[in-house]
Amino acid sequence: MEVYPIRNHRRKYRDEQLVAHLFVFKSTKSKITYFIECEVFDKNILALKFYNKNHKESKNKFSFLTNTNEVWSVLHTCIQVIPILEKEHLGCSFVAIGAQGISPDGRQEQIENTQRYLTYKRILFKLFENASNYALIDSNEHSALLMMNILEFVEDEKLPEEEFNEKILNKYVEIVELMEEEFLEIHNFSESHFTSNTLLKMPLNNMFFKIFKIFRK
Amino acid sequence: MVKKLHTFALQIFIMNKQAPSKKGNLASKKKADRLNWKPLGTDQVTKLSDAKFVRFYNPYKRLWTNLSLK
């Protein structure tokens, strides 16, 4: 298994507020370029997302199958951003949602236990099982994963188990409120993918920019 | 110039295709058949907050714990 180097760490701002971290890596096996997008939410929550560069214009970009059989290489590469983000956002928690797969003939995977979710869970559990600062929370029903930072609770060593569980529960409820929209956005499909000519659907200025970029080379 | 046009045509082809190859499309269809995927819009998305319990892995006790949300 090969882990690809990540490059081009960029930050996206809206109203002078950091909204996302962007990274790029290229698979040497399939020659596909992937974008990693780490959206920053309130209360130090980061949502990890990645997609094929060719699908960046599509609303269903998280659901396409690439069929390149390099899932572990891609996931291990994506995991590399966690220590980078931890340094910048101390005490942050991570969220990942296993999007439903989508087939070219317009069929979708069921929402429970999606393939993506099962692989994310496997890799996160394997790598962070012994990490004392994270509690892994899973939801098979929604194919959602949360790596909750529990460093703030752990400092108090004499905390009884019941109190510890209650604190986890309270933090979970706060995070879920923030993530609800994001969750629905990922699991609700857009029909526009199935129309054939995506170029015509692209905003005009975006299209000219692309043509200009090609001719400038 | 020809080279540039060729590159442009190739970019349009990739953008329209939205999948690496025909082989990939076929593999996706086969996977959908095997896993019995259903047509779009047949699966209802429930809210995260509708969950009745939450399960978490306690790294200190090394066990999964169920907590009731309602």
# chains A, B, ... in the order shown; residues from 1 in each chain; ligands from 1

call {"tool": "select_by_dssp", "arguments": {"residues": "segment 17-63 of chain B", "states": "alpha helix (DSSP H)", "output": "list in words"}}
result
Lys17, Lys22, Lys23, Gly24, Asn25, Leu26, Ala27, Ser28, Lys29, Lys30, Lys31, Ala32, Asp33 and Arg34 of chain B

call {"tool": "write_last_selection", "arguments": {"atoms": "C-alpha atoms", "output": "PDB file, in the first residue's frame"}}
result
ATOM      1  CA  LYS B  17     -17.992  11.584 -18.798  1.00  0.00           C
ATOM      2  CA  LYS B  22     -16.417   2.671 -19.579  1.00  0.00           C
ATOM      3  CA  LYS B  23     -14.955  -0.202 -17.652  1.00  0.00           C
ATOM      4  CA  GLY B  24     -15.468   1.775 -14.423  1.00  0.00           C
ATOM      5  CA  ASN B  25     -19.109   2.412 -15.270  1.00  0.00           C
ATOM      6  CA  LEU B  26     -19.711  -1.268 -15.867  1.00  0.00           C
ATOM      7  CA  ALA B  27     -18.007  -2.145 -12.587  1.00  0.00           C
ATOM      8  CA  SER B  28     -20.242   0.357 -10.758  1.00  0.00           C
ATOM      9  CA  LYS B  29     -23.352  -1.196 -12.325  1.00  0.00           C
ATOM     10  CA  LYS B  30     -22.199  -4.670 -11.369  1.00  0.00           C
ATOM     11  CA  LYS B  31     -21.574  -3.526  -7.806  1.00  0.00           C
ATOM     12  CA  ALA B  32     -25.057  -1.960  -7.662  1.00  0.00           C
ATOM     13  CA  ASP B  33     -26.547  -5.272  -8.902  1.00  0.00           C
ATOM     14  CA  ARG B  34     -24.593  -7.334  -6.413  1.00  0.00           C
TER      15      ARG B  34
END

call {"tool": "interface_residues", "arguments": {"of": "chain B", "to": "chain A", "cutoff": "6 Å", "atoms": "only C-alpha atoms", "output": "PyMOL selection string"}}
result
chain B and resi 16+24+28-29+37-40+55-59

call {"tool": "atom_distance", "arguments": {"atom1": "atom CA of Tyr4 of chain A", "atom2": "atom CA of Phe25 of chain A"}}
result
6.6 Å

call {"tool": "atom_distance", "arguments": {"atom1": "atom CA of Ile79 of chain A", "atom2": "atom CA of Asn8 of chain A"}}
result
15.8 Å

call {"tool": "atom_distance", "arguments": {"atom1": "atom CA of His89 of chain A", "atom2": "atom CA of Ile186 of chain A"}}
result
24.1 Å

call {"tool": "select_by_dssp", "arguments": {"residues": "segment 7-63 of chain B", "states": "strand (DSSP E)", "output": "ChimeraX atom specification"}}
result
/B:38-39,53-58,63

call {"tool": "residues_around", "arguments": {"residues": "Thr28 of chain A", "least_positions_apart": "4", "cutoff": "12 Å", "atoms": "only C-alpha atoms", "output": "PyMOL selection string"}}
result
chain A and resi 1-5+32-34+68+70+73-74
